[in-house]
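Structure record follows, encoded as structure tokens.
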Amino acid sequence: MTLLCTSADEAVSGIADGSTVLVGGFGTAGMPFDLIYALIRQGARDLTVVANNAGNADAGLAALLAAGRVRKIMCSFPRQTDSWVFDELYRSGKIELEVVPQGNLAERMRAAGAGIGGFYTRTGVGTLLAEGKDTREIDGRTYVLELPIAADVALISAHTADTLGNLVYRKTARNFAPVMATAATTTVVQVRHVVEPGVLDPEAVVTPGIYVDRIVQVSS
Amino acid sequence: MTLLCTSADEAVSGIADGSTVLVGGFGTAGMPFDLIYALIRQGARDLTVVANNAGNADAGLAALLAAGRVRKIMCSFPRQTDSWVFDELYRSGKIELEVVPQGNLAERMRAAGAGIGGFYTRTGVGTLLAEGKDTREIDGRTYVLELPIAADVALISAHTADTLGNLVYRKTARNFAPVMATAATTTVVQVRHVVEPGVLDPEAVVTPGIYVDRIVQVSS
Amino acid sequence: MSVVSPSIVEHTDRGPLGRDEMARVLAGDIPRGAYVNLGIGQPTTVGDHLPPESGVIFHTENGMLGMGPAATGDAIDPDLINAGKFPVTELPGASYFHHADSFAMMRGGHLDLCVLGAYQVSASGDLANWHTGEPDAIPAVGGAMDLAVGAKQVFVLMSLFTRTGEPKLVRECTYPLTALRCVDRVYTDVATFEITGGDEVLVRETWGISFHELRSRLDVPLIVATP
Amino acid sequence: MSVVSPSIVEHTDRGPLGRDEMARVLAGDIPRGAYVNLGIGQPTTVGDHLPPESGVIFHTENGMLGMGPAATGDAIDPDLINAGKFPVTELPGASYFHHADSFAMMRGGHLDLCVLGAYQVSASGDLANWHTGEPDAIPAVGGAMDLAVGAKQVFVLMSLFTRTGEPKLVRECTYPLTALRCVDRVYTDVATFEITGGDEVLVRETWGISFHELRSRLDVPLIVATP
């Protein structure tokens, strides 16, 4: 059952120290800023964060990093022109980094959500990022075994939710959110609009409510 | 590039003897009847058909089986109250059957479309349907390795296409079609309506046109 | 050590449950707001006892959440069917998705509960429900193996004995398996059972039979709960 | 045996191509109606030479097919960006999808072509474009490894020499690899190359340099096509 929260603080309550937290967004598009700031106030420490980037400028994910709450980040593209918070933490040895090819990041979270124990991919074959991983020849080609990324919590952003938790997104702000929603024990969503069941087109729902645990409406 | 065909016969032209053909539909919902009848007229033989069922009554897929064109069928649920065509062929040894759990059928076609060389699933562990397949312990649980199902042709049905091949479906007639569209070298779609690009809501397109090779509009 | 006394409800003043009563008993154990998949055949009838007001949301593996009751008359739409291929309806808040997404939902452990029929259930919760194993039988598995391993809880709904009187709750399944150690509860016409994960099966309630008589008719070690 | 004579266009009456000219040359080799992904940085500029009338359909890995040109002024929408995180527009017939679907499209071999930048390309088509290998460098791979193995054809767009004059088309890459044997063509400021799959690289066209001079400046065996 999906819980409609009255504040972002309520929505992130109970996140434990040491949790693995999926954070939606590609750059700032789709980043759940309100939930991240609430998580900073909530105080959970020693987090492993999974996200595409390692924060932009001083906002959102970068602010969570700057607050010293993140032990490790798994992402595809940490190095950006405005990723100075991460860059400083990384160079001073204060944060662990696991670089994951973007397609593996998405597919490994999908696997966690879909009950797949592991999958073989050609991405990374023969590169540093496949070192130490099992490989297998299938139909004459070499593949690398990749394992699921499951998480305790997903913090994502969507455009509109109904009160059953069905979600629709807007344009490329969709990005990782639907996959993350499937891969976390608790999925928390900030949305711009909340509507009654029956308002969203059932053919166009992207994330069915079964994947959504908590919703909070934020002013955009 | 997507080709708009003027007839179902044109849409199925060139399908070779011995092809693997994915046939959409769950029971009769979403079954591409016009394409199947065109395939019967076209004459390709010795086909391997992948579908959820093995045909209902004497129509559609059952008619293709009755015409003696199918060497082997891979499906999850051949035995139905009205699957008499298949039942007779099977009992008289005239068709080969590979029973695949429905989730594996869908996931194996997705794997083919997604460049996944194989995946580990718990479905089937310890059963007849996993005999002879590789297993692996992951995180203390046993999984079975399943391999992709790729095909030469997919015959599917959709509700509306635009001329770039973007597709939307209607209710549970969607079923296997979006996955099959990704797993075949040539994807052929029968649709009820064809519209210009820009008419379909980009947020609600289910099958992007990149997966669609041929479209034919049929009267429903 | 606490004193163990039987905690079981025995309805010996009546006969076994009818099919509709069995479905109602099972339905009564489904929590409000649960996401539920009902297998084809008798399990589908459980839905008759869970109207939309129950808050239970039904999944059908052919690509829908929020499935409503059976469709009749003008509401019948060939594009809107359930896993048993019967016409159904759509409730407010429904959503459609394709088969890979539908089975990802199932296999990924997101459904709270599924209800399945069975040829046999073993004391350790092994399920056999897809193949009689007879040489001329046409096997058909559908989504049973996926549901059995994927749903958070698996409830079986079946008669406890075959027409020839053989028990279907057994020490070890003799029919080909659907999945290992997957069943949580078994709802039958004469008793409801909980699979404990140990060697013994727990009996919760009986109809038309006493616990002692039930024990004499099954080859499975039975226990009752500590109150 | 046929008589082999050089089949190459040598533009020795001018200097090397400018960055915009490089993008235009590459764009000229993209077939009408192709599905194309342009990598971040210089590869993105190829799109400037492929207006909507070209029929080329652009994929951006952050979840869109049918991406239009850069957005400016009021058309800027923070929810609509490309893989380089710059605002873009939507063309009629566009579609949005999530990241796993977007990379399934890429990794499943459905994109006709991707254009990537590179630190190095080897004679056999190995690509190095994600990591300088320097100890204090922050590695960032993004979607490069997925694109390199997934697209039907991989075109590299890069200057042929580093600022210090080192060739970037090499016998073996010394930088950490992105993918093995994935590059089909290399478009540079002084020449365009085809990776043949053999030991030698085929030169198609040169600018501001002759084939013979080019051969003297690279440590890679070069050939020209049989006309």
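Ordering of the structure tokens sets the chain letters (A, B, ...), residue numbers begin anew at 1 in every chain, and ligands are numbered from 1 in the order given.
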For Ser19 in chain B, list every protein, DNA or RNA residue within 8 Å, evaluated using only C-alpha atoms, and leave out those in the same chain fewer than 2 positions away; present the list as a ChimeraX atom specification. /B:15-17,21,46-48,151-153
Would you mind exporting the chosen residues as a PDB file, in the first residue's frame, restricted to N, CA and C atoms?
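Here's the written file again_5.pdb:
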ATOM      1  N   ILE B  15       9.570 -14.251 -46.030  1.00  0.00           N
ATOM      2  CA  ILE B  15       9.850 -15.117 -44.870  1.00  0.00           C
ATOM      3  C   ILE B  15      10.301 -16.474 -45.404  1.00  0.00           C
ATOM      4  N   ALA B  16      11.489 -16.894 -44.979  1.00  0.00           N
ATOM      5  CA  ALA B  16      12.116 -18.086 -45.557  1.00  0.00           C
ATOM      6  C   ALA B  16      11.672 -19.359 -44.849  1.00  0.00           C
ATOM      7  N   ASP B  17      11.699 -20.471 -45.580  1.00  0.00           N
ATOM      8  CA  ASP B  17      11.505 -21.780 -44.957  1.00  0.00           C
ATOM      9  C   ASP B  17      12.515 -21.934 -43.824  1.00  0.00           C
ATOM     10  N   VAL B  21       9.802 -17.836 -36.009  1.00  0.00           N
ATOM     11  CA  VAL B  21       8.792 -16.784 -36.083  1.00  0.00           C
ATOM     12  C   VAL B  21       8.146 -16.603 -34.710  1.00  0.00           C
ATOM     13  N   ASP B  46       8.372 -25.468 -42.447  1.00  0.00           N
ATOM     14  CA  ASP B  46       9.425 -25.920 -41.543  1.00  0.00           C
ATOM     15  C   ASP B  46       9.751 -24.838 -40.510  1.00  0.00           C
ATOM     16  N   LEU B  47       8.719 -24.130 -40.075  1.00  0.00           N
ATOM     17  CA  LEU B  47       8.913 -23.001 -39.176  1.00  0.00           C
ATOM     18  C   LEU B  47       9.047 -23.461 -37.724  1.00  0.00           C
ATOM     19  N   THR B  48       9.810 -22.681 -36.953  1.00  0.00           N
ATOM     20  CA  THR B  48       9.766 -22.780 -35.499  1.00  0.00           C
ATOM     21  C   THR B  48       8.961 -21.584 -35.013  1.00  0.00           C
ATOM     22  N   ALA B 151      14.880 -14.326 -33.010  1.00  0.00           N
ATOM     23  CA  ALA B 151      14.073 -14.853 -34.107  1.00  0.00           C
ATOM     24  C   ALA B 151      14.357 -14.108 -35.400  1.00  0.00           C
ATOM     25  N   ASP B 152      13.954 -14.738 -36.488  1.00  0.00           N
ATOM     26  CA  ASP B 152      14.057 -14.073 -37.787  1.00  0.00           C
ATOM     27  C   ASP B 152      12.947 -13.047 -37.958  1.00  0.00           C
ATOM     28  N   VAL B 153      11.764 -13.416 -37.518  1.00  0.00           N
ATOM     29  CA  VAL B 153      10.585 -12.582 -37.779  1.00  0.00           C
ATOM     30  C   VAL B 153       9.708 -12.542 -36.533  1.00  0.00           C
TER      31      VAL B 153
END
Which chain C residues have any atom within 6 Å of an atom of chain B, and for each, what is the nearest pair of atoms with distance in Å to one decimal, counting only C-alpha atoms, rows sorted by chain and number, as a tab-separated table?
residue	atom	partner	partner_atom	distance
C:Asn62	CA	B:Asn175	CA	5.6
C:Gly63	CA	B:Thr172	CA	5.7
C:Asp79	CA	B:Ala173	CA	4.9
C:Leu80	CA	B:Thr172	CA	5.2
C:His98	CA	B:Asn175	CA	4.7
C:His99	CA	B:Asn175	CA	5.0
C:Ala100	CA	B:Ala106	CA	4.9
C:Phe103	CA	B:Gly103	CA	5.2
C:Ala140	CA	B:Phe77	CA	4.4
C:Val141	CA	B:Ser76	CA	5.7
C:Gly142	CA	B:Ser76	CA	4.7
C:Gly143	CA	B:Gln102	CA	4.9
C:Met145	CA	B:Thr123	CA	5.7
C:Asp146	CA	B:Thr123	CA	5.3
C:Leu177	CA	B:Thr127	CA	5.4
With N, CA, C and O atoms kept, could you save the residues just selected as a compact mmCIF listing (two decimals), in the first residue's frame?
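out24.txt was written with the following content:
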# COMPACT_ATOMS: atom_id res chain seq x y z
N ASN C 62 -0.95 -11.61 -17.79
CA ASN C 62 -0.97 -11.14 -19.17
C ASN C 62 -0.97 -9.62 -19.26
O ASN C 62 -1.32 -9.08 -20.29
N GLY C 63 -0.54 -8.94 -18.18
CA GLY C 63 -0.15 -7.55 -18.32
C GLY C 63 -1.03 -6.49 -17.71
O GLY C 63 -1.23 -5.44 -18.32
N ASP C 79 -10.06 -7.45 -26.03
CA ASP C 79 -8.71 -6.99 -25.69
C ASP C 79 -8.47 -6.98 -24.18
O ASP C 79 -7.38 -6.61 -23.74
N LEU C 80 -9.46 -7.34 -23.40
CA LEU C 80 -9.32 -7.24 -21.93
C LEU C 80 -9.73 -8.56 -21.30
O LEU C 80 -10.90 -8.80 -21.01
N HIS C 98 3.73 -4.85 -20.53
CA HIS C 98 3.96 -6.01 -21.39
C HIS C 98 4.40 -7.21 -20.56
O HIS C 98 4.63 -7.11 -19.35
N HIS C 99 4.51 -8.33 -21.24
CA HIS C 99 4.75 -9.59 -20.54
C HIS C 99 6.06 -9.64 -19.76
O HIS C 99 6.12 -10.22 -18.68
N ALA C 100 7.12 -9.07 -20.31
CA ALA C 100 8.39 -9.12 -19.57
C ALA C 100 8.29 -8.27 -18.31
O ALA C 100 8.76 -8.67 -17.24
N PHE C 103 6.08 -10.23 -15.76
CA PHE C 103 6.76 -11.33 -15.06
C PHE C 103 7.94 -10.83 -14.23
O PHE C 103 8.31 -11.47 -13.24
N ALA C 140 1.71 -28.33 -19.78
CA ALA C 140 1.44 -26.90 -19.97
C ALA C 140 1.73 -26.21 -18.65
O ALA C 140 1.05 -26.49 -17.66
N VAL C 141 2.72 -25.36 -18.63
CA VAL C 141 3.14 -24.77 -17.36
C VAL C 141 2.62 -23.36 -17.16
O VAL C 141 2.41 -22.93 -16.03
N GLY C 142 2.42 -22.62 -18.24
CA GLY C 142 1.95 -21.24 -18.10
C GLY C 142 2.88 -20.45 -17.19
O GLY C 142 4.11 -20.55 -17.31
N GLY C 143 2.29 -19.68 -16.27
CA GLY C 143 3.10 -18.87 -15.36
C GLY C 143 3.28 -19.50 -13.99
O GLY C 143 3.78 -18.84 -13.08
N MET C 145 5.30 -21.77 -12.61
CA MET C 145 6.65 -21.83 -12.02
C MET C 145 7.13 -20.45 -11.60
O MET C 145 7.85 -20.30 -10.60
N ASP C 146 6.77 -19.43 -12.39
CA ASP C 146 7.19 -18.06 -12.08
C ASP C 146 6.48 -17.54 -10.84
O ASP C 146 7.09 -16.93 -9.97
N LEU C 177 7.59 -31.65 -10.25
CA LEU C 177 7.50 -30.44 -9.42
C LEU C 177 7.32 -29.16 -10.24
O LEU C 177 7.80 -29.05 -11.37
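All residues in range 20-49 of chain A with a DSSP state of helix (DSSP H, G or I), computed from the backbone, read Phe33, Asp34, Leu35, Ile36, Tyr37, Ala38, Leu39, Ile40, Arg41 and Gln42 of chain A.
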Store the residues picked out above, limited to N, CA and C atoms, as a CSV table (one decimal), in the first residue's frame.
chain,number,residue,atom,x,y,z
A,33,PHE,N,15.3,16.5,-5.5
A,33,PHE,CA,16.0,17.5,-4.6
A,33,PHE,C,15.4,17.5,-3.2
A,34,ASP,N,14.1,17.6,-3.1
A,34,ASP,CA,13.4,17.8,-1.8
A,34,ASP,C,13.7,16.6,-0.9
A,35,LEU,N,13.7,15.4,-1.5
A,35,LEU,CA,13.9,14.2,-0.7
A,35,LEU,C,15.4,14.2,-0.2
A,36,ILE,N,16.3,14.6,-1.1
A,36,ILE,CA,17.7,14.6,-0.7
A,36,ILE,C,17.9,15.6,0.5
A,37,TYR,N,17.3,16.8,0.4
A,37,TYR,CA,17.5,17.7,1.5
A,37,TYR,C,16.9,17.2,2.8
A,38,ALA,N,15.7,16.5,2.6
A,38,ALA,CA,15.1,15.9,3.8
A,38,ALA,C,16.0,14.8,4.4
A,39,LEU,N,16.7,14.1,3.5
A,39,LEU,CA,17.6,13.0,4.0
A,39,LEU,C,18.8,13.6,4.7
A,40,ILE,N,19.2,14.8,4.3
A,40,ILE,CA,20.3,15.5,5.0
A,40,ILE,C,19.8,15.9,6.4
A,41,ARG,N,18.6,16.4,6.5
A,41,ARG,CA,18.1,16.8,7.8
A,41,ARG,C,17.9,15.5,8.6
A,42,GLN,N,17.4,14.4,8.0
A,42,GLN,CA,17.1,13.2,8.7
A,42,GLN,C,18.4,12.6,9.4
Apply DSSP to the backbone of this structure and, from range 43-156 of chain D, keep only the residues in strand (DSSP E or B); write these as a PyMOL selection string. chain D and resi 57-60+64-70+81+87-96+113-116+120-122+127-128+153-156
Counting only C-alpha atoms, which residues of chain A come no farther than 7 Å from chain B, as an mmCIF file with N, CA, C and O atoms, in the first residue's frame?
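Final output, iface04.cif:
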data_model
loop_
_atom_site.group_PDB
_atom_site.id
_atom_site.type_symbol
_atom_site.label_atom_id
_atom_site.label_comp_id
_atom_site.auth_asym_id
_atom_site.auth_seq_id
_atom_site.Cartn_x
_atom_site.Cartn_y
_atom_site.Cartn_z
ATOM 1 N N GLY A 115 14.103 -10.157 -10.168
ATOM 2 C CA GLY A 115 14.429 -11.492 -9.670
ATOM 3 C C GLY A 115 15.492 -12.216 -10.478
ATOM 4 O O GLY A 115 15.607 -13.434 -10.396
ATOM 5 N N ILE A 116 16.267 -11.478 -11.243
ATOM 6 C CA ILE A 116 17.359 -12.060 -12.026
ATOM 7 C C ILE A 116 18.600 -12.109 -11.128
ATOM 8 O O ILE A 116 19.003 -11.092 -10.568
ATOM 9 N N GLY A 117 19.196 -13.296 -11.011
ATOM 10 C CA GLY A 117 20.348 -13.443 -10.122
ATOM 11 C C GLY A 117 21.637 -12.904 -10.693
ATOM 12 O O GLY A 117 22.605 -12.663 -9.952
ATOM 13 N N GLY A 118 21.687 -12.720 -11.984
ATOM 14 C CA GLY A 118 22.865 -12.220 -12.675
ATOM 15 C C GLY A 118 22.630 -12.352 -14.156
ATOM 16 O O GLY A 118 21.729 -13.084 -14.580
ATOM 17 N N PHE A 119 23.413 -11.616 -14.959
ATOM 18 C CA PHE A 119 23.224 -11.674 -16.412
ATOM 19 C C PHE A 119 24.556 -11.478 -17.105
ATOM 20 O O PHE A 119 25.493 -10.890 -16.539
ATOM 21 N N TYR A 120 24.630 -11.980 -18.321
ATOM 22 C CA TYR A 120 25.847 -11.870 -19.114
ATOM 23 C C TYR A 120 25.707 -10.735 -20.125
ATOM 24 O O TYR A 120 24.718 -10.666 -20.856
ATOM 25 N N THR A 121 26.721 -9.868 -20.129
ATOM 26 C CA THR A 121 26.702 -8.719 -21.037
ATOM 27 C C THR A 121 28.041 -8.602 -21.743
ATOM 28 O O THR A 121 29.070 -9.027 -21.216
ATOM 29 N N ILE A 138 29.396 -17.492 -25.038
ATOM 30 C CA ILE A 138 28.045 -17.907 -25.430
ATOM 31 C C ILE A 138 27.917 -17.647 -26.918
ATOM 32 O O ILE A 138 28.115 -16.509 -27.374
ATOM 33 N N TYR A 143 31.183 -12.885 -22.883
ATOM 34 C CA TYR A 143 30.321 -12.043 -22.061
ATOM 35 C C TYR A 143 30.867 -11.986 -20.630
ATOM 36 O O TYR A 143 31.532 -12.911 -20.182
ATOM 37 N N LYS A 171 9.194 13.747 -19.986
ATOM 38 C CA LYS A 171 10.325 13.808 -20.911
ATOM 39 C C LYS A 171 11.547 13.037 -20.364
ATOM 40 O O LYS A 171 11.386 11.960 -19.811
ATOM 41 N N GLU A 203 -3.007 2.985 -19.895
ATOM 42 C CA GLU A 203 -2.071 2.571 -20.946
ATOM 43 C C GLU A 203 -0.754 3.324 -20.838
ATOM 44 O O GLU A 203 0.244 2.925 -21.446
ATOM 45 N N ALA A 204 -0.754 4.455 -20.120
ATOM 46 C CA ALA A 204 0.404 5.339 -20.102
ATOM 47 C C ALA A 204 1.098 5.399 -18.750
ATOM 48 O O ALA A 204 2.077 6.113 -18.582
#
Neighbour list for range 197-211 of chain C as a ChimeraX atom specification, cut-off 6 Å, only C-alpha atoms, skip fewer than 6 positions in-chain: /C:8-12,14-16,123-124,190-191,221-224
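The protein and nucleic acid residues lying at most 6 Å from Arg185 in chain C are Phe155, Val183, Phe193, Glu194 and Ile195 of chain C, with only C-alpha atoms considered and sequence neighbours fewer than 2 positions away removed.
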Selection file, C-alpha atoms, as a PDB file, in the first residue's frame:
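Saved file again.pdb follows:
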ATOM      1  CA  PHE C 155      -1.480 -20.102  -0.983  1.00  0.00           C
ATOM      2  CA  VAL C 183       3.988 -23.073  -0.531  1.00  0.00           C
ATOM      3  CA  PHE C 193      -2.696 -25.993   6.759  1.00  0.00           C
ATOM      4  CA  GLU C 194       0.436 -23.938   7.305  1.00  0.00           C
ATOM      5  CA  ILE C 195       3.743 -25.149   5.946  1.00  0.00           C
TER       6      ILE C 195
END
Could you pull the residues within 7 Å of range 23-37 of chain C, counting only C-alpha atoms, minus those fewer than 6 positions along the same chain, as a list of chain:residue names?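 Non-adjacent residues within range: A:Met1, C:Thr45, C:Val46, C:His49, C:Leu50, C:Ser54, C:Gly55, C:Val56, C:Ile57, C:Phe58, C:His59, C:Thr60, C:Leu111, C:Asp112, C:Leu113, C:Cys114, C:Val115, C:Tyr187.
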Record the distance separating CA of Lys85 in chain C and CA of Met64 in chain C, expressed in Å with one decimal.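 Interatomic distance, CA of Lys85 in chain C to CA of Met64 in chain C: 13.0 Å.
Among the candidate residues C:Asp101, C:Glu90, C:Asp184, C:Asp219, the one lying nearest to chain D is C:Asp101, with distances computed using only C-alpha atoms.
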Extract, using only C-alpha atoms, all DNA, RNA and protein residues at most 9 Å from range 161-174 of chain C, discarding same-chain residues fewer than 2 positions from it, and format them as a list in words.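 These residues fall inside the cut-off: Ala118, Tyr119, Gln120, Val121, Ser122, Ala123, Ser124, Asp126, Leu127, Ala128, Gly133, Met158, Ser159, Pro176, Leu177, Val186, Thr188, Asp189, Asp199, Arg217, Leu218, Asp219, Val220 and Pro221 of chain C.
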